[in-house]
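Asks: Following this line is query_23.cif, made up of mmCIF, C-alpha atoms and all ligand atoms:
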```cif
data_protein
#
loop_
_atom_site.group_PDB
_atom_site.id
_atom_site.type_symbol
_atom_site.label_atom_id
_atom_site.label_comp_id
_atom_site.auth_asym_id
_atom_site.auth_seq_id
_atom_site.Cartn_x
_atom_site.Cartn_y
_atom_site.Cartn_z
ATOM 1 C CA MET B 224 78.441 50.183 28.507
ATOM 2 C CA ASN B 225 79.678 53.460 29.983
ATOM 3 C CA PRO B 226 83.302 52.674 31.032
ATOM 4 C CA ALA B 227 82.896 54.860 34.142
ATOM 5 C CA LYS B 228 80.280 52.432 35.417
ATOM 6 C CA ILE B 229 82.813 49.604 35.232
ATOM 7 C CA ALA B 230 85.861 51.539 36.481
ATOM 8 C CA ARG B 231 84.735 51.361 40.121
ATOM 9 C CA PHE B 232 85.283 47.582 40.007
ATOM 10 C CA ARG B 233 88.822 47.696 38.591
ATOM 11 C CA ASP B 234 90.455 46.896 41.953
ATOM 12 C CA SER B 235 87.924 44.230 42.885
ATOM 13 C CA GLU B 236 90.654 41.845 44.039
ATOM 14 C CA ARG B 237 91.161 44.136 47.047
ATOM 15 C CA TYR B 238 87.656 43.542 48.314
ATOM 16 C CA PHE B 239 85.598 40.898 46.564
ATOM 17 C CA ILE B 240 85.523 37.112 46.733
ATOM 18 C CA CYS B 241 83.450 34.688 44.718
ATOM 19 C CA PRO B 242 80.149 33.871 46.479
ATOM 20 C CA ILE B 243 80.388 30.282 45.180
ATOM 21 C CA CYS B 244 84.014 29.223 45.844
ATOM 22 C CA HIS B 245 85.314 32.196 47.919
ATOM 23 C CA GLU B 246 88.344 32.721 45.631
ATOM 24 C CA THR B 247 89.386 36.252 44.683
ATOM 25 C CA LEU B 248 87.326 38.088 42.055
ATOM 26 C CA HIS B 249 89.037 40.128 39.315
ATOM 27 C CA LEU B 250 87.586 42.539 36.808
ATOM 28 C CA ASP B 251 87.569 40.875 33.374
ATOM 29 C CA GLY B 252 85.917 42.977 30.660
ATOM 30 C CA ALA B 253 82.512 43.901 32.036
ATOM 31 C CA SER B 254 82.418 41.040 34.547
ATOM 32 C CA LEU B 255 83.961 39.935 37.807
ATOM 33 C CA ARG B 256 85.512 36.498 37.472
ATOM 34 C CA CYS B 257 87.224 34.068 39.870
ATOM 35 C CA PRO B 258 90.020 31.593 38.998
ATOM 36 C CA ASN B 259 87.367 28.869 38.738
ATOM 37 C CA ARG B 260 85.642 30.880 36.005
ATOM 38 C CA HIS B 261 82.546 31.747 38.037
ATOM 39 C CA THR B 262 81.415 34.931 36.320
ATOM 40 C CA PHE B 263 79.289 37.843 37.537
ATOM 41 C CA ASP B 264 78.335 40.468 34.965
ATOM 42 C CA ILE B 265 78.287 44.158 35.839
ATOM 43 C CA ALA B 266 74.772 45.398 35.108
ATOM 44 C CA LYS B 267 74.232 48.519 33.020
ATOM 45 C CA GLN B 268 73.205 50.495 36.136
ATOM 46 C CA GLY B 269 76.678 49.833 37.601
ATOM 47 C CA TYR B 270 76.244 47.049 40.135
ATOM 48 C CA VAL B 271 77.113 43.366 40.264
ATOM 49 C CA ASN B 272 74.907 40.560 41.569
ATOM 50 C CA LEU B 273 76.988 38.448 43.983
ATOM 51 C CA ALA B 274 73.976 36.623 45.439
ATOM 52 C CA PRO B 275 72.302 35.187 42.343
ATOM 53 C CA ALA B 276 70.077 32.797 44.325
ATOM 54 C CA ALA B 277 68.891 35.344 46.885
ATOM 55 C CA LYS B 278 65.200 35.657 47.619
ATOM 56 C CA GLN B 279 63.655 39.047 48.250
ATOM 57 C CA SER B 280 61.581 39.914 51.275
ATOM 58 C CA PRO B 281 57.953 40.687 50.341
ATOM 59 C CA PHE B 282 58.210 43.831 52.472
ATOM 60 C CA TYR B 283 60.937 45.224 50.267
ATOM 61 C CA ASN B 284 59.444 45.368 46.802
ATOM 62 C CA LYS B 285 60.119 47.954 44.143
ATOM 63 C CA ALA B 286 57.209 50.217 45.151
ATOM 64 C CA SER B 287 58.340 50.326 48.781
ATOM 65 C CA PHE B 288 61.853 51.305 47.732
ATOM 66 C CA GLU B 289 60.544 54.079 45.512
ATOM 67 C CA ASN B 290 58.448 55.347 48.421
ATOM 68 C CA ARG B 291 61.456 55.211 50.712
ATOM 69 C CA ALA B 292 63.543 57.115 48.192
ATOM 70 C CA ARG B 293 60.909 59.859 47.984
ATOM 71 C CA ILE B 294 60.767 60.184 51.806
ATOM 72 C CA LEU B 295 64.552 60.212 52.111
ATOM 73 C CA GLU B 296 64.934 62.884 49.445
ATOM 74 C CA ALA B 297 62.274 65.000 51.221
ATOM 75 C CA GLY B 298 64.768 65.590 54.042
ATOM 76 C CA TYR B 299 63.223 63.759 57.002
ATOM 77 C CA TYR B 300 66.408 61.725 57.441
ATOM 78 C CA ASP B 301 68.939 64.492 56.809
ATOM 79 C CA ASP B 302 69.840 64.814 60.513
ATOM 80 C CA ILE B 303 70.572 61.087 60.694
ATOM 81 C CA ARG B 304 72.611 61.233 57.483
ATOM 82 C CA ASP B 305 74.593 64.208 58.817
ATOM 83 C CA ALA B 306 75.312 62.347 62.064
ATOM 84 C CA VAL B 307 76.634 59.404 60.025
ATOM 85 C CA LEU B 308 78.825 61.746 57.946
ATOM 86 C CA ASP B 309 80.095 63.359 61.141
ATOM 87 C CA ALA B 310 81.089 59.963 62.580
ATOM 88 C CA VAL B 311 82.837 59.002 59.326
ATOM 89 C CA GLY B 312 84.737 62.299 59.366
ATOM 90 C CA ARG B 313 85.795 61.954 62.989
ATOM 91 C CA TYR B 314 86.859 58.309 63.096
ATOM 92 C CA LEU B 315 88.140 57.459 59.607
ATOM 93 C CA ASN B 316 90.914 58.574 57.314
ATOM 94 C CA PRO B 317 89.904 59.936 53.906
ATOM 95 C CA ARG B 318 90.914 56.764 52.017
ATOM 96 C CA ALA B 319 89.041 54.342 54.271
ATOM 97 C CA ALA B 320 87.206 51.288 52.917
ATOM 98 C CA ILE B 321 83.605 51.557 54.076
ATOM 99 C CA LEU B 322 81.050 48.773 53.700
ATOM 100 C CA ASP B 323 77.372 49.741 53.914
ATOM 101 C CA VAL B 324 75.402 46.612 54.920
ATOM 102 C CA GLY B 325 71.764 46.469 53.862
ATOM 103 C CA CYS B 326 72.136 49.784 52.042
ATOM 104 C CA GLY B 327 68.588 49.792 50.608
ATOM 105 C CA GLU B 328 68.168 52.504 47.994
ATOM 106 C CA GLY B 329 71.645 53.799 48.804
ATOM 107 C CA PHE B 330 70.843 57.122 50.473
ATOM 108 C CA TYR B 331 73.644 56.865 53.062
ATOM 109 C CA ALA B 332 76.269 55.186 50.842
ATOM 110 C CA ARG B 333 75.902 57.886 48.179
ATOM 111 C CA ALA B 334 76.164 60.629 50.802
ATOM 112 C CA VAL B 335 79.296 59.063 52.329
ATOM 113 C CA GLN B 336 80.942 58.707 48.916
ATOM 114 C CA ARG B 337 80.039 62.304 47.938
ATOM 115 C CA ALA B 338 81.489 63.661 51.191
ATOM 116 C CA ASN B 339 84.583 61.425 51.029
ATOM 117 C CA PRO B 340 85.596 61.178 47.364
ATOM 118 C CA ALA B 341 88.859 59.357 48.168
ATOM 119 C CA ALA B 342 87.123 56.654 50.214
ATOM 120 C CA ASP B 343 86.257 53.226 48.809
ATOM 121 C CA VAL B 344 82.571 52.804 49.514
ATOM 122 C CA LEU B 345 81.085 49.332 49.017
ATOM 123 C CA ALA B 346 77.357 48.911 49.485
ATOM 124 C CA PHE B 347 75.074 45.929 49.205
ATOM 125 C CA ASP B 348 71.565 44.771 49.806
ATOM 126 C CA ILE B 349 69.833 41.443 49.358
ATOM 127 C CA SER B 350 67.237 43.183 47.175
ATOM 128 C CA LYS B 351 68.151 43.558 43.518
ATOM 129 C CA ASP B 352 65.457 46.200 43.004
ATOM 130 C CA SER B 353 66.977 48.415 45.661
ATOM 131 C CA ILE B 354 70.521 48.025 44.347
ATOM 132 C CA GLN B 355 69.368 48.838 40.818
ATOM 133 C CA GLN B 356 67.805 52.030 42.080
ATOM 134 C CA ALA B 357 70.807 52.850 44.287
ATOM 135 C CA ALA B 358 73.249 52.469 41.386
ATOM 136 C CA ARG B 359 71.039 54.412 38.985
ATOM 137 C CA GLU B 360 70.985 57.404 41.363
ATOM 138 C CA ASP B 361 74.741 57.339 42.007
ATOM 139 C CA ALA B 362 76.079 60.514 40.389
ATOM 140 C CA THR B 363 79.575 59.793 41.745
ATOM 141 C CA MET B 364 79.628 56.482 39.808
ATOM 142 C CA ALA B 365 82.145 55.438 42.457
ATOM 143 C CA VAL B 366 80.204 53.329 44.955
ATOM 144 C CA ARG B 367 80.819 49.604 44.428
ATOM 145 C CA TRP B 368 77.202 48.404 44.503
ATOM 146 C CA PHE B 369 76.417 44.711 44.769
ATOM 147 C CA VAL B 370 73.621 42.342 45.590
ATOM 148 C CA GLY B 371 74.900 40.352 48.539
ATOM 149 C CA ASN B 372 73.963 38.112 51.404
ATOM 150 C CA LEU B 373 74.696 39.325 54.943
ATOM 151 C CA ALA B 374 75.104 35.723 56.148
ATOM 152 C CA ASP B 375 77.875 35.004 53.625
ATOM 153 C CA LEU B 376 79.461 38.254 52.516
ATOM 154 C CA PRO B 377 81.401 38.104 49.229
ATOM 155 C CA VAL B 378 84.075 40.259 50.893
ATOM 156 C CA ARG B 379 87.685 39.388 51.793
ATOM 157 C CA ASP B 380 88.896 38.894 55.361
ATOM 158 C CA ASP B 381 90.427 41.998 57.027
ATOM 159 C CA ALA B 382 89.532 44.280 54.111
ATOM 160 C CA ILE B 383 87.228 46.886 55.672
ATOM 161 C CA ASP B 384 87.938 49.952 57.857
ATOM 162 C CA CYS B 385 84.309 50.711 58.671
ATOM 163 C CA ILE B 386 81.006 48.904 58.558
ATOM 164 C CA LEU B 387 78.063 51.228 58.178
ATOM 165 C CA ASP B 388 74.879 49.564 59.410
ATOM 166 C CA VAL B 389 71.817 51.798 59.157
ATOM 167 C CA PHE B 390 68.634 50.100 60.372
ATOM 168 C CA SER B 391 69.975 46.710 59.261
ATOM 169 C CA PRO B 392 70.641 43.498 61.201
ATOM 170 C CA VAL B 393 74.073 42.702 62.624
ATOM 171 C CA ASN B 394 75.958 39.554 61.698
ATOM 172 C CA ALA B 395 78.753 39.770 64.264
ATOM 173 C CA ALA B 396 80.766 36.848 62.868
ATOM 174 C CA GLU B 397 80.780 38.203 59.320
ATOM 175 C CA PHE B 398 81.414 41.764 60.514
ATOM 176 C CA HIS B 399 84.453 40.606 62.499
ATOM 177 C CA ARG B 400 85.762 38.525 59.609
ATOM 178 C CA VAL B 401 85.766 41.351 57.048
ATOM 179 C CA MET B 402 86.876 44.105 59.450
ATOM 180 C CA LYS B 403 90.513 45.085 59.902
ATOM 181 C CA ASP B 404 91.795 44.878 63.479
ATOM 182 C CA ASP B 405 91.313 48.589 64.157
ATOM 183 C CA ALA B 406 88.094 48.923 62.158
ATOM 184 C CA ILE B 407 84.918 50.506 63.471
ATOM 185 C CA VAL B 408 81.182 49.947 63.112
ATOM 186 C CA ILE B 409 78.799 52.866 62.744
ATOM 187 C CA LYS B 410 75.432 51.453 63.680
ATOM 188 C CA VAL B 411 72.137 53.336 63.465
ATOM 189 C CA ILE B 412 69.043 52.018 65.220
ATOM 190 C CA PRO B 413 65.594 53.551 65.694
ATOM 191 C CA GLY B 414 65.283 55.789 68.750
ATOM 192 C CA VAL B 415 62.634 55.066 71.374
ATOM 193 C CA HIS B 416 60.468 57.922 70.060
ATOM 194 C CA HIS B 417 60.845 56.981 66.390
ATOM 195 C CA ASP B 418 57.446 56.971 64.642
ATOM 196 C CA GLU B 419 55.778 57.156 68.062
ATOM 197 C CA GLN B 420 52.685 58.950 66.753
ATOM 198 C CA LEU B 421 52.054 56.085 64.319
ATOM 199 C CA ARG B 422 52.747 53.423 66.934
ATOM 200 C CA GLU B 423 50.353 55.153 69.336
ATOM 201 C CA LEU B 424 47.649 55.107 66.667
ATOM 202 C CA ALA B 425 48.271 51.399 66.073
ATOM 203 C CA ARG B 426 48.516 50.609 69.781
ATOM 204 C CA GLU B 427 45.634 48.119 69.758
ATOM 205 C CA GLN B 428 47.229 46.095 66.992
ATOM 206 C CA LEU B 429 50.755 46.137 68.370
ATOM 207 C CA ARG B 430 51.922 43.639 70.927
ATOM 208 C CA ASN B 431 54.360 46.207 72.205
ATOM 209 C CA ALA B 432 53.624 49.797 71.211
ATOM 210 C CA ASP B 433 56.349 51.098 73.499
ATOM 211 C CA TYR B 434 59.380 50.363 71.407
ATOM 212 C CA SER B 435 62.627 49.731 73.259
ATOM 213 C CA ASN B 436 66.035 49.431 71.642
ATOM 214 C CA GLU B 437 67.872 48.431 74.818
ATOM 215 C CA HIS B 438 68.114 44.754 73.922
ATOM 216 C CA VAL B 439 69.536 45.668 70.510
ATOM 217 C CA ILE B 440 72.194 47.816 72.163
ATOM 218 C CA GLU B 441 72.977 45.124 74.730
ATOM 219 C CA GLN B 442 73.393 42.456 72.071
ATOM 220 C CA PHE B 443 75.612 44.781 70.075
ATOM 221 C CA ARG B 444 77.798 45.439 73.143
ATOM 222 C CA GLU B 445 78.472 41.704 73.440
ATOM 223 C CA HIS B 446 80.422 41.832 70.178
ATOM 224 C CA PHE B 447 81.758 45.383 69.892
ATOM 225 C CA ASN B 448 83.398 47.962 72.112
ATOM 226 C CA VAL B 449 81.169 51.055 72.065
ATOM 227 C CA LEU B 450 83.107 54.329 71.741
ATOM 228 C CA ASP B 451 80.299 56.805 71.294
ATOM 229 C CA MET B 452 76.524 56.937 71.318
ATOM 230 C CA ARG B 453 74.272 59.834 70.450
ATOM 231 C CA THR B 454 70.623 60.452 69.673
ATOM 232 C CA VAL B 455 69.252 62.617 66.883
ATOM 233 C CA SER B 456 65.579 63.452 67.065
ATOM 234 C CA ARG B 457 63.219 65.820 65.326
ATOM 235 C CA THR B 458 59.444 66.063 65.075
ATOM 236 C CA PHE B 459 58.185 67.143 61.659
ATOM 237 C CA ALA B 460 54.835 68.592 60.634
ATOM 238 C CA MET B 461 53.861 66.135 57.926
ATOM 239 C CA ALA B 462 51.479 66.198 54.977
ATOM 240 C CA ALA B 463 48.889 63.426 54.725
ATOM 241 C CA ASP B 464 50.490 61.641 51.784
ATOM 242 C CA ASP B 465 53.867 61.475 53.541
ATOM 243 C CA VAL B 466 52.162 60.091 56.670
ATOM 244 C CA HIS B 467 50.573 57.463 54.448
ATOM 245 C CA THR B 468 53.919 56.544 52.897
ATOM 246 C CA PHE B 469 55.617 56.357 56.294
ATOM 247 C CA ALA B 470 52.908 54.096 57.665
ATOM 248 C CA HIS B 471 53.502 51.682 54.800
ATOM 249 C CA MET B 472 57.279 51.667 54.950
ATOM 250 C CA THR B 473 58.198 51.610 58.628
ATOM 251 C CA PRO B 474 59.321 48.164 59.820
ATOM 252 C CA LEU B 475 57.792 48.959 63.219
ATOM 253 C CA LEU B 476 54.342 48.558 61.594
ATOM 254 C CA PHE B 477 55.036 45.625 59.247
ATOM 255 C CA ASN B 478 52.516 43.395 61.042
ATOM 256 C CA VAL B 479 49.836 46.051 61.349
ATOM 257 C CA ASP B 480 46.761 46.384 59.113
ATOM 258 C CA ILE B 481 47.501 49.950 57.975
ATOM 259 C CA ASP B 482 44.144 50.333 56.224
ATOM 260 C CA ALA B 483 42.388 49.926 59.584
ATOM 261 C CA LEU B 484 44.165 53.006 60.983
ATOM 262 C CA ASP B 485 42.740 56.520 60.789
ATOM 263 C CA LEU B 486 45.903 58.161 59.486
ATOM 264 C CA ALA B 487 44.109 61.523 59.222
ATOM 265 C CA GLN B 488 44.656 61.870 62.982
ATOM 266 C CA ILE B 489 48.377 62.253 62.407
ATOM 267 C CA SER B 490 49.795 65.621 61.441
ATOM 268 C CA GLU B 491 53.304 65.291 62.821
ATOM 269 C CA LEU B 492 55.834 62.512 63.166
ATOM 270 C CA THR B 493 59.024 62.088 65.174
ATOM 271 C CA ILE B 494 62.079 60.754 63.355
ATOM 272 C CA GLU B 495 64.646 59.601 65.875
ATOM 273 C CA ALA B 496 67.733 57.429 65.776
ATOM 274 C CA ARG B 497 70.669 56.413 67.924
ATOM 275 C CA ILE B 498 74.048 56.536 66.236
ATOM 276 C CA ILE B 499 76.512 54.138 67.830
ATOM 277 C CA VAL B 500 80.219 54.059 67.007
ATOM 278 C CA ALA B 501 82.072 50.950 68.134
ATOM 279 C CA ARG B 502 85.388 49.206 67.641
ATOM 280 C CA LYS B 503 86.022 45.572 66.818
HETATM 281 ZN ZN ZN B 601 84.327 31.025 42.146
#
```
Can you dump the structure from the file as structure tokens?
Ligand SMILES: [Zn+2]
Replies:
Amino acid sequence: MNPAKIARFRDSERYFICPICHETLHLDGASLRCPNRHTFDIAKQGYVNLAPAAKQSPFYNKASFENRARILEAGYYDDIRDAVLDAVGRYLNPRAAILDVGCGEGFYARAVQRANPAADVLAFDISKDSIQQAAREDATMAVRWFVGNLADLPVRDDAIDCILDVFSPVNAAEFHRVMKDDAIVIKVIPGVHHDEQLRELAREQLRNADYSNEHVIEQFREHFNVLDMRTVSRTFAMAADDVHTFAHMTPLLFNVDIDALDLAQISELTIEARIIVARK
């Protein structure tokens, strides 16, 4: 295997614990191994599976991740990515340890690592397909990719300077456990106008077409001290095939029969997010 794909795991004892016995993991050849000899091989793409028993969500299969990757690379989420990079630049030192939770196909983790080459970026998802794709696309070969379980993170206590949570659930107890005392969370949630043209079209099928994120923010405030909140929003003219892809990948429409919608009515779509920075 390409040694550069393994090198990123050479200081694993700083960050990783065994998902079975919670002892420290060390790099041993092309594997991570704990003192009890539980062994996790580094895959040829450059990631390690630290949740071998994890089940994948049917909504996040390989095709949906490839679609997401295509949409992300097309630039619709560049404003959100830039806002994340701006928050990282303002609140963190260049050598910070940053953990991307539910990183999907790795769009944000790769961007953070590219912009902050001295940072230690760790990124995981429960989906092996997405992590494979994320690692394959990682030109920096520096992000420590792993398959992991948000409910039982294979990460040491007090090891992380920043949790990056982009459109992923919060596990406040696990976040607090792995965060250093002065660590921050950068959390991105959909804005109230996000995908509104699609939600309007699906109004009859949606229990609540008027999306609100207030309860998400309120819940988050119960566990973290919010320092900064901003909204990024842009409405894009959008080609029919991108509208089709969006309709199939947005979680806001997961329970909607997409084939029953007349997607031809949609020629533009609003992409909007709130970027929240908070302290432990
Ligand atoms: Zn172990």
Asks: Between chain B and ligand ZN 601 (chain B), at 9 Å or less, what are the per-residue closest atom pairs and their distances in Å? Count only C-alpha atoms and all ligand atoms, order by chain and rising residue number, and return it as JSON lines.
Replies:
```
{"residue": "B:Ile240", "atom": "CA", "partner": "B:ZN601", "partner_atom": "ZN", "distance": 7.7}
{"residue": "B:Cys241", "atom": "CA", "partner": "B:ZN601", "partner_atom": "ZN", "distance": 4.6}
{"residue": "B:Pro242", "atom": "CA", "partner": "B:ZN601", "partner_atom": "ZN", "distance": 6.7}
{"residue": "B:Ile243", "atom": "CA", "partner": "B:ZN601", "partner_atom": "ZN", "distance": 5.0}
{"residue": "B:Cys244", "atom": "CA", "partner": "B:ZN601", "partner_atom": "ZN", "distance": 4.1}
{"residue": "B:His245", "atom": "CA", "partner": "B:ZN601", "partner_atom": "ZN", "distance": 6.0}
{"residue": "B:Glu246", "atom": "CA", "partner": "B:ZN601", "partner_atom": "ZN", "distance": 5.6}
{"residue": "B:Thr247", "atom": "CA", "partner": "B:ZN601", "partner_atom": "ZN", "distance": 7.7}
{"residue": "B:Leu248", "atom": "CA", "partner": "B:ZN601", "partner_atom": "ZN", "distance": 7.7}
{"residue": "B:Arg256", "atom": "CA", "partner": "B:ZN601", "partner_atom": "ZN", "distance": 7.3}
{"residue": "B:Cys257", "atom": "CA", "partner": "B:ZN601", "partner_atom": "ZN", "distance": 4.8}
{"residue": "B:Pro258", "atom": "CA", "partner": "B:ZN601", "partner_atom": "ZN", "distance": 6.5}
{"residue": "B:Asn259", "atom": "CA", "partner": "B:ZN601", "partner_atom": "ZN", "distance": 5.1}
{"residue": "B:Arg260", "atom": "CA", "partner": "B:ZN601", "partner_atom": "ZN", "distance": 6.3}
{"residue": "B:His261", "atom": "CA", "partner": "B:ZN601", "partner_atom": "ZN", "distance": 4.5}
{"residue": "B:Thr262", "atom": "CA", "partner": "B:ZN601", "partner_atom": "ZN", "distance": 7.6}
```
Asks: Using the chain letters and numbers from the file, which residues does the PyMOL selection byres (((chain B and resi 428) around 12) and not hetatm) grab, as a ChimeraX atom specification?
Replies: /B:421-427,429-432,475-484
Asks: Show me, as AutoDock Vina command-line options, the centre and edge lengths in Å to one decimal of the axis-aligned box that covers every listed atom of region 383-386 of chain B with 3 Å on each side.
Replies:
```
--center_x 84.5 --center_y 48.8 --center_z 57.2 --size_x 12.9 --size_y 9.8 --size_z 9.0
```
Asks: Would you list the contacts of Pro340 (chain B) as a list in words, taking every protein, DNA or RNA residue within 12 Å and counting all atoms listed in the file, but skipping same-chain residues closer than 3 positions in sequence?
Replies: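 Result of the neighbour search: Asn316, Pro317, Arg318, Ala319, Ala320, Ile321, Ala332, Arg333, Ala334, Val335, Gln336, Arg337, Asp343, Val344, Ala362, Thr363, Met364, Ala365 and Val366 of chain B.
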Asks: Evaluated on this file, the PyMOL selection byres (((chain B and resi 461-471) around 8) and not hetatm) picks out some residues - which ones are they, written as a PyMOL selection string?
Replies: chain B and resi 287+290-291+294+421+459-460+472-473+476-477+481+486-487+489-492
Asks: Quote the spacing between CA of Phe330 (chain B) and CA of Val401 (chain B) in Å to one decimal place.
Replies: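 Pair CA of Phe330 (chain B) / CA of Val401 (chain B) returns 22.7 Å.
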Asks: Using CA of Gly327 (chain B) and CA of Ile354 (chain B) as the two end points, give the distance in Å to one decimal.
Replies: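 Pair CA of Gly327 (chain B) / CA of Ile354 (chain B) returns 6.8 Å.
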Asks: Of the candidates B:Ala227, B:Val408, B:Val455, B:Leu322, which shows the shortest atom-to-atom distance to Leu376 (chain B), using all atoms listed in the file?
Replies: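 Ranked by minimum distance to Leu376 (chain B), first place goes to B:Leu322.
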Asks: To test your reading of the syntax: which residues would the PyMOL selection byres (((chain B and resi 250) around 10) and not hetatm) return for the file shown? Reply as a PDB file with C-alpha atoms, keeping the file's coordinate frame.
Replies:
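Below you can see out30.pdb, which holds the result:
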```
ATOM      1  CA  ILE B 229      82.813  49.604  35.232  1.00  0.00           C
ATOM      2  CA  ALA B 230      85.861  51.539  36.481  1.00  0.00           C
ATOM      3  CA  ARG B 231      84.735  51.361  40.121  1.00  0.00           C
ATOM      4  CA  PHE B 232      85.283  47.582  40.007  1.00  0.00           C
ATOM      5  CA  ARG B 233      88.822  47.696  38.591  1.00  0.00           C
ATOM      6  CA  ASP B 234      90.455  46.896  41.953  1.00  0.00           C
ATOM      7  CA  SER B 235      87.924  44.230  42.885  1.00  0.00           C
ATOM      8  CA  GLU B 236      90.654  41.845  44.039  1.00  0.00           C
ATOM      9  CA  LEU B 248      87.326  38.088  42.055  1.00  0.00           C
ATOM     10  CA  HIS B 249      89.037  40.128  39.315  1.00  0.00           C
ATOM     11  CA  ASP B 251      87.569  40.875  33.374  1.00  0.00           C
ATOM     12  CA  GLY B 252      85.917  42.977  30.660  1.00  0.00           C
ATOM     13  CA  ALA B 253      82.512  43.901  32.036  1.00  0.00           C
ATOM     14  CA  SER B 254      82.418  41.040  34.547  1.00  0.00           C
ATOM     15  CA  LEU B 255      83.961  39.935  37.807  1.00  0.00           C
ATOM     16  CA  ARG B 256      85.512  36.498  37.472  1.00  0.00           C
ATOM     17  CA  CYS B 257      87.224  34.068  39.870  1.00  0.00           C
ATOM     18  CA  THR B 262      81.415  34.931  36.320  1.00  0.00           C
ATOM     19  CA  PHE B 263      79.289  37.843  37.537  1.00  0.00           C
ATOM     20  CA  ASP B 264      78.335  40.468  34.965  1.00  0.00           C
ATOM     21  CA  ILE B 265      78.287  44.158  35.839  1.00  0.00           C
TER      22      ILE B 265
END
```
Asks: Which residue, B:Phe239, B:Phe347, B:Tyr300, B:Phe443, has the smallest gap to Asp380 (chain B) when you use only C-alpha atoms?
Replies: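 Nearest candidate to Asp380 (chain B) out of B:Phe239, B:Phe347, B:Tyr300, B:Phe443: B:Phe239.
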Asks: I want to know what sits within 12 Å of Asp348 (chain B), based on all atoms listed in the file, with residues of the same chain fewer than 5 positions away left out; could you give that as a ChimeraX atom specification?
Replies: /B:270-274,277-280,283,288,322-329,332,353-358,367-374,376-377,388-389,391-392
Asks: If we count all atoms listed in the file and set the cut-off at 10 Å, which residues sit around Val449 (chain B), ignoring sequence neighbours fewer than 5 positions away in its own chain? Please answer as a PyMOL selection string.
Replies: chain B and resi 407-409+440+443-444+499-503
Asks: Measuring between only C-alpha atoms, which one of B:Ala338, B:Ala396, B:Ala406, B:Ala266 shows the shortest distance to Asp309 (chain B)?
Replies: B:Ala338
Asks: What gap, in Å, lies between CA of Ala306 (chain B) and CA of Met452 (chain B)?
Replies: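 Value for the CA of Ala306 (chain B)-CA of Met452 (chain B) distance: 10.8 Å.
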